[in-house]
>>> print(open('query-v9.csv').read())   # CSV, C-alpha atoms and all ligand atoms
chain,number,residue,atom,x,y,z
A,1,MET,CA,20.2,-17.5,90.3
A,2,ALA,CA,17.9,-18.9,92.8
A,3,LYS,CA,19.0,-19.7,96.3
A,4,ILE,CA,19.0,-23.4,97.4
A,5,GLY,CA,18.2,-22.3,101.0
A,6,GLN,CA,14.9,-20.8,99.6
A,7,ARG,CA,14.0,-23.9,97.6
A,8,LEU,CA,10.3,-24.4,97.8
A,9,PRO,CA,9.5,-27.8,99.5
A,10,GLN,CA,6.8,-28.5,96.9
A,11,ASN,CA,9.4,-28.9,94.1
A,12,VAL,CA,10.1,-32.5,93.2
A,13,PRO,CA,13.5,-33.7,94.3
A,14,GLY,CA,16.3,-33.3,91.8
A,15,ASP,CA,18.3,-30.8,89.8
A,16,PHE,CA,15.9,-27.9,88.8
A,17,TYR,CA,13.9,-26.0,91.4
A,18,VAL,CA,12.0,-22.8,92.1
A,19,ASP,CA,12.7,-20.7,95.2
A,20,SER,CA,10.4,-18.6,97.3
A,21,THR,CA,11.1,-15.4,95.4
A,22,CYS,CA,8.8,-16.5,92.5
A,23,ILE,CA,6.2,-13.8,91.6
A,24,ASP,CA,3.9,-16.1,89.7
A,25,CYS,CA,4.4,-14.5,86.3
A,26,ASP,CA,3.7,-17.7,84.4
A,27,ALA,CA,6.7,-17.4,82.0
A,28,CYS,CA,8.3,-20.7,83.0
A,29,ARG,CA,5.0,-22.6,82.8
A,30,GLN,CA,4.5,-21.3,79.2
A,31,ILE,CA,8.1,-22.0,78.1
A,32,ALA,CA,8.6,-25.4,79.8
A,33,PRO,CA,5.1,-26.8,80.7
A,34,GLU,CA,6.6,-30.3,81.0
A,35,THR,CA,8.8,-29.1,83.9
A,36,PHE,CA,7.0,-26.3,85.7
A,37,ARG,CA,3.4,-25.9,87.0
A,38,GLU,CA,1.4,-23.6,89.2
A,39,TYR,CA,1.2,-24.3,92.9
A,40,GLY,CA,-1.0,-21.7,94.6
A,41,ASP,CA,0.5,-18.3,93.9
A,42,LEU,CA,3.8,-19.7,92.9
A,43,SER,CA,5.4,-22.0,90.3
A,44,ILE,CA,7.2,-25.2,91.2
A,45,VAL,CA,9.1,-28.0,89.3
A,46,TYR,CA,6.7,-30.9,89.2
A,47,GLN,CA,8.8,-33.1,87.0
A,48,GLN,CA,12.5,-32.9,86.3
A,49,PRO,CA,13.5,-32.5,82.6
A,50,ALA,CA,13.7,-36.0,81.1
A,51,SER,CA,15.2,-35.3,77.7
A,52,LYS,CA,17.7,-32.9,76.2
A,53,GLU,CA,14.9,-30.9,74.7
A,54,GLN,CA,13.1,-30.6,78.0
A,55,GLN,CA,16.3,-29.5,79.6
A,56,GLN,CA,16.8,-26.9,77.0
A,57,ARG,CA,13.3,-25.6,77.7
A,58,ALA,CA,14.0,-25.6,81.4
A,59,LEU,CA,17.2,-23.6,80.8
A,60,MET,CA,15.2,-21.1,78.7
A,61,ALA,CA,12.7,-20.7,81.5
A,62,LEU,CA,15.6,-20.1,83.9
A,63,VAL,CA,16.9,-17.3,81.6
A,64,ALA,CA,13.5,-15.8,81.0
A,65,CYS,CA,12.5,-15.7,84.7
A,66,PRO,CA,12.3,-12.0,85.8
A,67,THR,CA,13.3,-12.7,89.4
A,68,ALA,CA,16.0,-15.3,88.9
A,69,SER,CA,13.8,-17.7,91.0
A,70,ILE,CA,14.8,-20.8,89.1
A,71,GLY,CA,17.9,-22.7,90.1
A,72,ALA,CA,19.7,-25.9,89.3
A,73,THR,CA,21.9,-27.9,91.7
A,74,GLU,CA,24.0,-29.5,89.0
A,75,THR,CA,26.6,-27.7,86.8
A,76,HIS,CA,25.1,-26.6,83.5
A,77,ASP,CA,26.2,-24.8,80.4
A,78,PHE,CA,23.6,-22.1,80.3
A,79,ARG,CA,24.4,-21.1,76.7
A,80,PRO,CA,21.6,-23.1,75.1
A,81,GLY,CA,19.1,-21.3,77.3
A,82,ILE,CA,20.6,-17.9,76.6
A,83,ASP,CA,21.2,-18.3,72.9
A,84,ALA,CA,17.6,-19.5,72.3
A,85,PHE,CA,16.4,-15.9,72.6
A,86,PRO,CA,15.0,-14.2,70.7
A,87,SER,CA,13.0,-17.3,70.1
A,88,LEU,CA,11.0,-17.7,66.9
A,89,VAL,CA,7.2,-17.5,67.3
A,90,ASN,CA,6.2,-17.5,63.7
A,91,GLU,CA,7.4,-16.1,60.4
A,92,ASP,CA,9.5,-13.0,61.4
A,93,VAL,CA,8.1,-12.6,65.0
A,94,TYR,CA,10.2,-13.5,68.0
A,95,PHE,CA,9.7,-13.7,71.7
A,96,CYS,CA,12.6,-11.9,73.5
A,97,GLY,CA,12.7,-14.0,76.7
A,98,PHE,CA,14.7,-12.1,79.4
A,99,THR,CA,11.6,-10.7,81.1
A,100,SER,CA,11.9,-7.9,83.6
A,101,GLU,CA,10.7,-7.8,87.2
A,102,SER,CA,9.7,-4.1,86.8
A,103,SER,CA,7.1,-5.2,84.3
A,104,PHE,CA,6.1,-8.2,86.3
A,105,GLY,CA,7.6,-10.6,83.8
A,106,ALA,CA,5.6,-9.2,80.8
A,107,TRP,CA,6.6,-10.7,77.5
A,108,SER,CA,8.2,-8.6,74.8
A,109,TYR,CA,8.6,-9.4,71.1
A,110,LEU,CA,10.8,-8.5,68.2
A,111,ILE,CA,9.6,-8.2,64.6
A,112,VAL,CA,12.6,-8.7,62.2
A,113,ARG,CA,12.0,-6.7,59.0
A,114,PRO,CA,14.5,-5.7,56.3
A,115,GLU,CA,15.8,-2.2,56.5
A,116,ALA,CA,14.0,-1.4,53.2
A,117,LYS,CA,10.7,-2.3,55.0
A,118,GLY,CA,11.4,0.0,58.0
A,119,GLY,CA,13.7,-2.3,60.1
A,120,ASN,CA,13.1,-4.2,63.3
A,121,VAL,CA,10.4,-3.4,65.8
A,122,LEU,CA,10.6,-4.1,69.5
A,123,ILE,CA,7.2,-4.5,71.2
A,124,ASP,CA,7.5,-3.6,74.9
A,125,SER,CA,10.8,-3.8,76.7
A,126,PRO,CA,12.6,-6.9,77.8
A,127,ARG,CA,15.3,-6.8,80.5
A,128,PHE,CA,18.5,-5.0,79.2
A,129,ALA,CA,20.7,-8.1,79.4
A,130,THR,CA,24.0,-7.9,77.6
A,131,GLN,CA,23.5,-11.4,76.0
A,132,LEU,CA,20.1,-10.4,74.6
A,133,VAL,CA,21.3,-7.0,73.4
A,134,LYS,CA,24.1,-8.7,71.4
A,135,ARG,CA,21.7,-11.1,69.9
A,136,ILE,CA,19.3,-8.4,68.9
A,137,ALA,CA,22.2,-6.4,67.4
A,138,ALA,CA,23.2,-9.4,65.3
A,139,MET,CA,19.6,-9.6,64.1
A,140,GLY,CA,19.7,-6.0,62.8
A,141,GLY,CA,19.1,-4.0,66.0
A,142,VAL,CA,16.0,-2.0,66.7
A,143,ARG,CA,14.5,0.8,64.5
A,144,LYS,CA,11.2,1.2,66.3
A,145,MET,CA,10.0,0.5,69.8
A,146,PHE,CA,6.3,0.1,70.4
A,147,LEU,CA,5.2,0.5,74.0
A,148,THR,CA,1.7,-0.9,74.7
A,149,HIS,CA,1.2,0.9,78.1
A,150,ARG,CA,2.9,2.3,81.1
A,151,ASP,CA,3.4,-1.0,83.1
A,152,ASP,CA,5.6,-2.8,80.5
A,153,VAL,CA,8.2,-0.2,79.6
A,154,ALA,CA,11.0,-1.8,81.7
A,155,ASP,CA,14.4,-0.8,80.2
A,156,HIS,CA,13.0,1.0,77.2
A,157,ALA,CA,15.3,4.0,77.7
A,158,ARG,CA,18.4,1.8,77.6
A,159,PHE,CA,17.3,0.0,74.5
A,160,ALA,CA,16.6,3.4,72.8
A,161,GLU,CA,20.0,4.6,73.8
A,162,GLU,CA,21.7,1.4,72.6
A,163,PHE,CA,20.0,1.2,69.2
A,164,GLY,CA,18.9,4.8,68.6
A,165,CYS,CA,15.4,3.7,67.9
A,166,GLU,CA,12.2,5.8,67.7
A,167,ARG,CA,9.8,5.0,70.5
A,168,LEU,CA,6.0,5.3,70.2
A,169,MET,CA,3.6,5.5,73.1
A,170,HIS,CA,0.3,7.1,74.0
A,171,ILE,CA,0.3,10.4,75.9
A,172,ASP,CA,-2.3,9.2,78.4
A,173,ASP,CA,0.1,6.6,79.8
A,174,GLY,CA,2.8,9.1,80.5
A,175,ALA,CA,4.7,9.1,77.2
A,176,LYS,CA,6.0,12.7,77.6
A,177,ARG,CA,7.2,12.1,81.2
A,178,LEU,CA,9.1,9.0,79.9
A,179,GLY,CA,10.8,11.0,77.2
A,180,ILE,CA,9.1,9.2,74.3
A,181,ASP,CA,9.8,10.8,70.9
A,182,HIS,CA,6.7,9.7,69.1
A,183,VAL,CA,3.7,10.5,71.3
A,184,ILE,CA,0.2,9.7,70.1
A,185,GLN,CA,-3.1,10.9,71.5
A,186,GLY,CA,-6.8,10.3,71.2
A,187,GLU,CA,-8.4,7.2,69.8
A,188,ASP,CA,-7.7,7.5,66.1
A,189,VAL,CA,-6.1,4.5,64.5
A,190,PHE,CA,-2.6,5.3,63.2
A,191,GLN,CA,-0.8,3.6,60.4
A,192,TRP,CA,2.9,3.6,61.6
A,193,ASP,CA,4.2,1.8,58.5
A,194,ASP,CA,2.5,-0.1,55.6
A,195,ASP,CA,2.3,-3.2,57.8
A,196,LEU,CA,2.1,-1.6,61.3
A,197,CYS,CA,-1.3,-0.4,62.5
A,198,VAL,CA,-1.5,1.2,66.0
A,199,ILE,CA,-5.0,0.8,67.6
A,200,PRO,CA,-5.8,2.7,70.8
A,201,THR,CA,-7.5,0.4,73.3
A,202,PRO,CA,-8.2,2.3,76.6
A,203,GLY,CA,-9.3,0.1,79.5
A,204,HIS,CA,-6.5,-1.6,81.2
A,205,THR,CA,-4.9,1.8,81.3
A,206,ARG,CA,-6.2,5.0,79.8
A,207,GLY,CA,-3.4,5.1,77.2
A,208,HIS,CA,-3.2,1.4,76.3
A,209,VAL,CA,-2.5,0.7,72.6
A,210,VAL,CA,-2.2,-2.5,70.6
A,211,LEU,CA,-0.2,-3.1,67.4
A,212,LEU,CA,-1.4,-5.0,64.4
A,213,TYR,CA,1.3,-6.3,62.1
A,214,LYS,CA,0.6,-7.6,58.6
A,215,ASN,CA,-3.1,-8.1,59.5
A,216,ARG,CA,-1.9,-11.3,61.1
A,217,PHE,CA,-0.1,-10.6,64.4
A,218,LEU,CA,-1.9,-8.6,67.1
A,219,PHE,CA,0.4,-7.5,70.0
A,220,THR,CA,-2.0,-7.0,72.8
A,221,GLY,CA,-0.1,-5.9,75.9
A,222,ASP,CA,-2.4,-6.3,78.8
A,223,HIS,CA,-5.6,-5.8,76.8
A,224,LEU,CA,-6.3,-9.3,75.5
A,225,ALA,CA,-4.9,-12.8,75.9
A,226,TRP,CA,-5.8,-16.4,75.6
A,227,SER,CA,-7.2,-18.3,78.5
A,228,PRO,CA,-6.5,-22.1,78.4
A,229,THR,CA,-9.0,-22.8,81.2
A,230,ARG,CA,-11.9,-21.0,79.4
A,231,GLU,CA,-10.5,-22.0,76.0
A,232,SER,CA,-11.2,-18.6,74.7
A,233,LEU,CA,-9.8,-15.1,74.5
A,234,THR,CA,-10.0,-13.2,77.7
A,235,ALA,CA,-9.3,-9.9,79.5
A,236,PHE,CA,-8.3,-9.3,83.1
A,237,ARG,CA,-11.1,-7.7,85.1
A,238,SER,CA,-9.2,-7.3,88.3
A,239,VAL,CA,-6.5,-5.2,86.7
A,240,ALA,CA,-8.6,-3.0,84.5
A,241,TRP,CA,-6.9,0.0,86.2
A,242,TYR,CA,-8.7,2.6,84.1
A,243,SER,CA,-12.1,1.3,83.1
A,244,TRP,CA,-13.7,-2.1,82.4
A,245,PRO,CA,-16.6,-0.6,80.3
A,246,GLU,CA,-14.0,1.3,78.3
A,247,GLN,CA,-11.9,-1.9,77.9
A,248,THR,CA,-15.1,-3.7,76.7
A,249,ARG,CA,-15.7,-0.9,74.1
A,250,SER,CA,-12.1,-1.1,73.0
A,251,MET,CA,-12.5,-4.9,72.6
A,252,GLU,CA,-15.5,-4.2,70.3
A,253,ARG,CA,-13.3,-2.0,68.1
A,254,LEU,CA,-11.0,-5.0,67.4
A,255,LEU,CA,-13.9,-6.7,65.6
A,256,ASP,CA,-13.0,-4.4,62.6
A,257,TYR,CA,-9.7,-6.2,62.1
A,258,ARG,CA,-8.5,-9.5,61.0
A,259,PHE,CA,-5.7,-11.3,62.8
A,260,GLU,CA,-4.5,-14.8,63.4
A,261,TRP,CA,-2.1,-14.4,66.4
A,262,VAL,CA,-2.7,-12.8,69.8
A,263,LEU,CA,0.6,-12.0,71.4
A,264,PRO,CA,0.1,-10.6,74.9
A,265,GLY,CA,2.4,-9.2,77.6
A,266,HIS,CA,0.6,-11.4,80.2
A,267,GLY,CA,-1.5,-14.4,79.6
A,268,ARG,CA,-1.2,-17.0,76.9
A,269,ILE,CA,-0.4,-16.7,73.2
A,270,HIS,CA,-3.0,-18.0,70.7
A,271,HIS,CA,-3.0,-18.8,67.0
A,272,ASP,CA,-6.1,-19.6,65.1
A,273,SER,CA,-7.8,-18.8,61.8
A,274,PRO,CA,-9.1,-15.2,61.5
A,275,GLU,CA,-12.7,-16.6,61.5
A,276,ASN,CA,-12.1,-18.5,64.7
A,277,MET,CA,-10.3,-15.6,66.3
A,278,ARG,CA,-13.3,-13.4,65.5
A,279,ALA,CA,-15.7,-15.9,67.1
A,280,HIS,CA,-13.5,-16.0,70.2
A,281,LEU,CA,-13.4,-12.2,70.3
A,282,LYS,CA,-17.1,-12.0,70.1
A,283,ARG,CA,-17.4,-14.6,73.0
A,284,CYS,CA,-14.9,-12.6,75.0
A,285,ILE,CA,-16.9,-9.4,74.5
A,286,ALA,CA,-20.2,-11.1,75.5
A,287,TRP,CA,-18.4,-12.4,78.6
A,288,MET,CA,-17.0,-9.0,79.5
A,289,LYS,CA,-20.5,-7.5,79.4
A,290,GLN,CA,-21.6,-10.0,82.0
A,291,VAL,CA,-18.9,-9.7,84.6
A,301,LIG,S1,9.3,-17.4,85.5
A,301,LIG,FE1,10.1,-17.2,87.6
A,301,LIG,S2,8.8,-15.6,88.6
A,301,LIG,FE2,7.7,-16.4,86.7
A,301,LIG,S3,6.4,-18.0,87.5
A,301,LIG,FE3,8.3,-19.0,86.8
A,301,LIG,S4,9.7,-19.1,88.6
A,301,LIG,FE4,8.0,-17.7,89.1
>>> encode(input="query-v9.csv", output="structure tokens")
Amino acid sequence: MAKIGQRLPQNVPGDFYVDSTCIDCDACRQIAPETFREYGDLSIVYQQPASKEQQQRALMALVACPTASIGATETHDFRPGIDAFPSLVNEDVYFCGFTSESSFGAWSYLIVRPEAKGGNVLIDSPRFATQLVKRIAAMGGVRKMFLTHRDDVADHARFAEEFGCERLMHIDDGAKRLGIDHVIQGEDVFQWDDDLCVIPTPGHTRGHVVLLYKNRFLFTGDHLAWSPTRESLTAFRSVAWYSWPEQTRSMERLLDYRFEWVLPGHGRIHHDSPENMRAHLKRCIAWMKQV
């Protein structure tokens, strides 16, 4: 929980606040935009929750925050914030909340599939929080864990130990060193299950991979995200640790696929028709070639 002595003076007066330990991961602003907003390199509370629903979203942000930088001066039952995760995105895809500081608050997702279809899939690792682990267990546990790249692995080993799941990661992002059981290499596309397609996308890191589920949901790690300011898909030039030209080439490969959802580790989620998504992707590629 945040410390009142470190409360940022830019917060509006009242119950909820952000303290100076905020790492500007953006999670709270996505989860509860009616309460939190950006202020320089931090988040602040610009408006106290005014309804029960807004309070619920603020509590979810408090739970999801990787650094426990969100506090409240009044006494709350935190259960509604905790029990909201995993939180439904669409169909059988959930956002796990409980982000981890070691992955800079990256978002992780859970696909809930029947055992007969191969069971549940965890995409990147959330914080290993007891409450979340229990909720995931009640939803059928984890059969497979997909790790997009080296930055967002967080507590992968603890989840693997808890659920006995198979983990998949690319060799060029240190999969062997991390003790991953299913190590892939090269740039060949790999069909992990009927509805799970693994697409290598080197650029942000050398071994970055994305996962396409049902030709609808694209889990993009740090490769691709939505930019609300540009109102288009985007990539992050300043953190292309391996190669921006390679990342641009990897982006072009995605034109071969249809998808409706972009579900990133960092940056904003976006949903659109496959046609519009393709148009946004083309715009993103053109922009990447200019910067
Ligand atoms: S979720 Fe926490 S660390 Fe992330 S921007 Fe909000 S207050 Fe800061």
>>> closest_atom_pairs(input="query-v9.csv", of="chain A", to="ligand LIG 301 (chain A)", cutoff="9 Å", atoms="only C-alpha atoms and all ligand atoms", output="Markdown table")
| residue | atom | partner | partner_atom | distance |
| --- | --- | --- | --- | --- |
| A:Tyr17 | CA | A:LIG301 | S4 | 8.5 |
| A:Val18 | CA | A:LIG301 | S4 | 5.6 |
| A:Asp19 | CA | A:LIG301 | S4 | 7.4 |
| A:Ser20 | CA | A:LIG301 | FE4 | 8.6 |
| A:Thr21 | CA | A:LIG301 | S2 | 7.2 |
| A:Cys22 | CA | A:LIG301 | FE4 | 3.7 |
| A:Ile23 | CA | A:LIG301 | S2 | 4.4 |
| A:Asp24 | CA | A:LIG301 | S3 | 3.8 |
| A:Cys25 | CA | A:LIG301 | FE2 | 3.8 |
| A:Asp26 | CA | A:LIG301 | S3 | 4.1 |
| A:Ala27 | CA | A:LIG301 | S1 | 4.4 |
| A:Cys28 | CA | A:LIG301 | FE3 | 4.2 |
| A:Arg29 | CA | A:LIG301 | FE3 | 6.3 |
| A:Gln30 | CA | A:LIG301 | FE3 | 8.8 |
| A:Ile31 | CA | A:LIG301 | S1 | 8.8 |
| A:Phe36 | CA | A:LIG301 | FE3 | 7.5 |
| A:Arg37 | CA | A:LIG301 | S3 | 8.5 |
| A:Glu38 | CA | A:LIG301 | S3 | 7.7 |
| A:Asp41 | CA | A:LIG301 | S3 | 8.7 |
| A:Leu42 | CA | A:LIG301 | FE4 | 6.0 |
| A:Ser43 | CA | A:LIG301 | S3 | 5.0 |
| A:Ile44 | CA | A:LIG301 | S4 | 7.1 |
| A:Val45 | CA | A:LIG301 | S4 | 8.9 |
| A:Ala61 | CA | A:LIG301 | S1 | 6.2 |
| A:Leu62 | CA | A:LIG301 | S1 | 7.0 |
| A:Val63 | CA | A:LIG301 | S1 | 8.5 |
| A:Ala64 | CA | A:LIG301 | S1 | 6.4 |
| A:Cys65 | CA | A:LIG301 | S1 | 3.7 |
| A:Pro66 | CA | A:LIG301 | S2 | 5.7 |
| A:Thr67 | CA | A:LIG301 | S2 | 5.4 |
| A:Ala68 | CA | A:LIG301 | FE1 | 6.3 |
| A:Ser69 | CA | A:LIG301 | S4 | 5.0 |
| A:Ile70 | CA | A:LIG301 | S4 | 5.4 |
| A:Thr99 | CA | A:LIG301 | S1 | 8.3 |
| A:Glu101 | CA | A:LIG301 | S2 | 8.1 |
| A:Phe104 | CA | A:LIG301 | S2 | 8.2 |
| A:Gly105 | CA | A:LIG301 | FE2 | 6.5 |
>>> closest_residue(input="query-v9.csv", among="A:Ile82, A:Leu88, A:Ala235, A:Ile171", to="A:Val133", atoms="only C-alpha atoms")
A:Ile82
>>> atom_distance(input="query-v9.csv", atom1="atom CA of A:Tyr213", atom2="atom CA of A:His182")
18.3 Å
>>> atom_distance(input="query-v9.csv", atom1="atom CA of A:Arg206", atom2="atom CA of A:Gly186")
10.1 Å
>>> closest_residue(input="query-v9.csv", among="A:Val12, A:Ile4, A:Ile180, A:Leu132", to="A:Thr73", atoms="all atoms listed in the file")
A:Ile4
>>> closest_atom_pairs(input="query-v9.csv", of="stretch 45-106 of chain A", to="stretch 143-157 of chain A", cutoff="7 Å", atoms="all atoms listed in the file", output="JSON lines")
{"residue": "A:Ser100", "atom": "CA", "partner": "A:Ala154", "partner_atom": "CA", "distance": 6.5}
{"residue": "A:Ser102", "atom": "CA", "partner": "A:Ala154", "partner_atom": "CA", "distance": 5.7}
{"residue": "A:Ser103", "atom": "CA", "partner": "A:Asp152", "partner_atom": "CA", "distance": 4.7}
{"residue": "A:Ala106", "atom": "CA", "partner": "A:Asp152", "partner_atom": "CA", "distance": 6.4}
>>> closest_residue(input="query-v9.csv", among="A:Asn276, A:Gln131, A:Gln6, A:Thr205", to="A:Phe236", atoms="all atoms listed in the file")
A:Thr205
>>> closest_residue(input="query-v9.csv", among="A:Leu211, A:Val183, A:Val112, A:Val89", to="A:His271", atoms="only C-alpha atoms")
A:Val89
>>> atom_distance(input="query-v9.csv", atom1="atom CA of A:His223", atom2="atom CA of A:Thr201")
7.4 Å
>>> closest_residue(input="query-v9.csv", among="A:Leu263, A:Leu110, A:Val209, A:Val291", to="A:Asp172", atoms="all atoms listed in the file")
A:Val209
>>> closest_residue(input="query-v9.csv", among="A:Glu53, A:Asn11, A:Gly118, A:Asp173", to="A:Tyr39", atoms="all atoms listed in the file")
A:Asn11
>>> residues_around(input="query-v9.csv", residues="A:Asp181", least_positions_apart="6", cutoff="10 Å", atoms="only C-alpha atoms", output="ChimeraX atom specification")
/A:165-169,175
>>> write_last_selection(input="query-v9.csv", atoms="C-alpha atoms", output="PDB file, in the frame of the given file")
ATOM      1  CA  CYS A 165      15.400   3.700  67.900  1.00  0.00           C
ATOM      2  CA  GLU A 166      12.200   5.800  67.700  1.00  0.00           C
ATOM      3  CA  ARG A 167       9.800   5.000  70.500  1.00  0.00           C
ATOM      4  CA  LEU A 168       6.000   5.300  70.200  1.00  0.00           C
ATOM      5  CA  MET A 169       3.600   5.500  73.100  1.00  0.00           C
ATOM      6  CA  ALA A 175       4.700   9.100  77.200  1.00  0.00           C
TER       7      ALA A 175
END
>>> residues_around(input="query-v9.csv", residues="A:Gly267", least_positions_apart="5", cutoff="8 Å", atoms="all atoms listed in the file", output="PyMOL selection string")
chain A and resi 26+225-227
>>> write_last_selection(input="query-v9.csv", atoms="C-alpha atoms", output="PDB file, in the coordinates of the input")
ATOM      1  CA  ASP A  26       3.700 -17.700  84.400  1.00  0.00           C
ATOM      2  CA  ALA A 225      -4.900 -12.800  75.900  1.00  0.00           C
ATOM      3  CA  TRP A 226      -5.800 -16.400  75.600  1.00  0.00           C
ATOM      4  CA  SER A 227      -7.200 -18.300  78.500  1.00  0.00           C
TER       5      SER A 227
END
>>> closest_atom_pairs(input="query-v9.csv", of="stretch 163-282 of chain A", to="stretch 286-289 of chain A", cutoff="10 Å", atoms="all atoms listed in the file", output="JSON lines")
{"residue": "A:Leu233", "atom": "CA", "partner": "A:Trp287", "partner_atom": "CA", "distance": 9.9}
{"residue": "A:Thr234", "atom": "CA", "partner": "A:Met288", "partner_atom": "CA", "distance": 8.4}
{"residue": "A:Ala235", "atom": "CA", "partner": "A:Met288", "partner_atom": "CA", "distance": 7.8}
{"residue": "A:Phe236", "atom": "CA", "partner": "A:Met288", "partner_atom": "CA", "distance": 9.4}
{"residue": "A:Arg237", "atom": "CA", "partner": "A:Met288", "partner_atom": "CA", "distance": 8.2}
{"residue": "A:Trp244", "atom": "CA", "partner": "A:Met288", "partner_atom": "CA", "distance": 8.2}
{"residue": "A:Pro245", "atom": "CA", "partner": "A:Lys289", "partner_atom": "CA", "distance": 8.0}
{"residue": "A:Gln247", "atom": "CA", "partner": "A:Met288", "partner_atom": "CA", "distance": 8.9}
{"residue": "A:Thr248", "atom": "CA", "partner": "A:Met288", "partner_atom": "CA", "distance": 6.3}
{"residue": "A:Arg249", "atom": "CA", "partner": "A:Lys289", "partner_atom": "CA", "distance": 9.7}
{"residue": "A:Met251", "atom": "CA", "partner": "A:Met288", "partner_atom": "CA", "distance": 9.2}
{"residue": "A:Glu252", "atom": "CA", "partner": "A:Ala286", "partner_atom": "CA", "distance": 9.8}
{"residue": "A:His280", "atom": "CA", "partner": "A:Ala286", "partner_atom": "CA", "distance": 9.8}
{"residue": "A:Leu281", "atom": "CA", "partner": "A:Ala286", "partner_atom": "CA", "distance": 8.6}
{"residue": "A:Lys282", "atom": "CA", "partner": "A:Ala286", "partner_atom": "CA", "distance": 6.3}
>>> residues_around(input="query-v9.csv", residues="A:Asn90", least_positions_apart="2", cutoff="10 Å", atoms="all atoms listed in the file", output="list in words")
Ser87, Leu88, Asp92, Val93, Tyr94, Phe95, Ile111, Phe217, Trp261 and His271 of chain A
>>> write_last_selection(input="query-v9.csv", atoms="C-alpha atoms", output="mmCIF file, keeping the file's coordinate frame")
data_model
loop_
_atom_site.group_PDB
_atom_site.id
_atom_site.type_symbol
_atom_site.label_atom_id
_atom_site.label_comp_id
_atom_site.auth_asym_id
_atom_site.auth_seq_id
_atom_site.Cartn_x
_atom_site.Cartn_y
_atom_site.Cartn_z
ATOM 1 C CA SER A 87 13.000 -17.300 70.100
ATOM 2 C CA LEU A 88 11.000 -17.700 66.900
ATOM 3 C CA ASP A 92 9.500 -13.000 61.400
ATOM 4 C CA VAL A 93 8.100 -12.600 65.000
ATOM 5 C CA TYR A 94 10.200 -13.500 68.000
ATOM 6 C CA PHE A 95 9.700 -13.700 71.700
ATOM 7 C CA ILE A 111 9.600 -8.200 64.600
ATOM 8 C CA PHE A 217 -0.100 -10.600 64.400
ATOM 9 C CA TRP A 261 -2.100 -14.400 66.400
ATOM 10 C CA HIS A 271 -3.000 -18.800 67.000
#
>>> decode(input="query-v9.csv", residues="stretch 227-266 of chain A", atoms="C-alpha atoms", output="compact mmCIF listing (two decimals), in the first residue's frame")
# COMPACT_ATOMS: atom_id res chain seq x y z
CA SER A 227 -1.62 4.74 -29.47
CA PRO A 228 -4.61 6.87 -28.40
CA THR A 229 -2.75 10.08 -29.28
CA ARG A 230 -1.92 8.96 -32.82
CA GLU A 231 -5.18 7.01 -33.06
CA SER A 232 -3.34 4.17 -34.73
CA LEU A 233 -1.23 1.14 -34.02
CA THR A 234 2.29 1.95 -32.92
CA ALA A 235 5.64 0.55 -31.84
CA PHE A 236 8.17 1.94 -29.38
CA ARG A 237 11.28 3.23 -31.16
CA SER A 238 13.15 4.20 -27.98
CA VAL A 239 12.99 0.65 -26.60
CA ALA A 240 13.80 -1.30 -29.76
CA TRP A 241 16.67 -2.96 -27.87
CA TYR A 242 17.61 -5.30 -30.73
CA SER A 243 16.83 -3.54 -34.02
CA TRP A 244 14.24 -1.05 -35.29
CA PRO A 245 14.68 -2.14 -38.96
CA GLU A 246 14.14 -5.77 -37.85
CA GLN A 247 11.07 -4.74 -35.87
CA THR A 248 9.72 -2.97 -38.97
CA ARG A 249 10.31 -6.13 -41.01
CA SER A 250 8.57 -8.20 -38.32
CA MET A 251 5.65 -5.79 -38.46
CA GLU A 252 5.36 -6.38 -42.20
CA ARG A 253 5.07 -10.13 -41.55
CA LEU A 254 1.91 -9.49 -39.53
CA LEU A 255 0.17 -8.28 -42.71
CA ASP A 256 -0.20 -11.98 -43.58
CA TYR A 257 -2.60 -12.48 -40.66
CA ARG A 258 -6.12 -11.45 -39.74
CA PHE A 259 -6.86 -10.26 -36.22
CA GLU A 260 -9.36 -8.04 -34.43
CA TRP A 261 -7.70 -7.51 -31.09
CA VAL A 262 -4.24 -6.18 -30.21
CA LEU A 263 -3.41 -7.12 -26.61
CA PRO A 264 -0.01 -5.69 -25.64
CA GLY A 265 2.18 -5.92 -22.56
CA HIS A 266 2.69 -2.16 -22.61
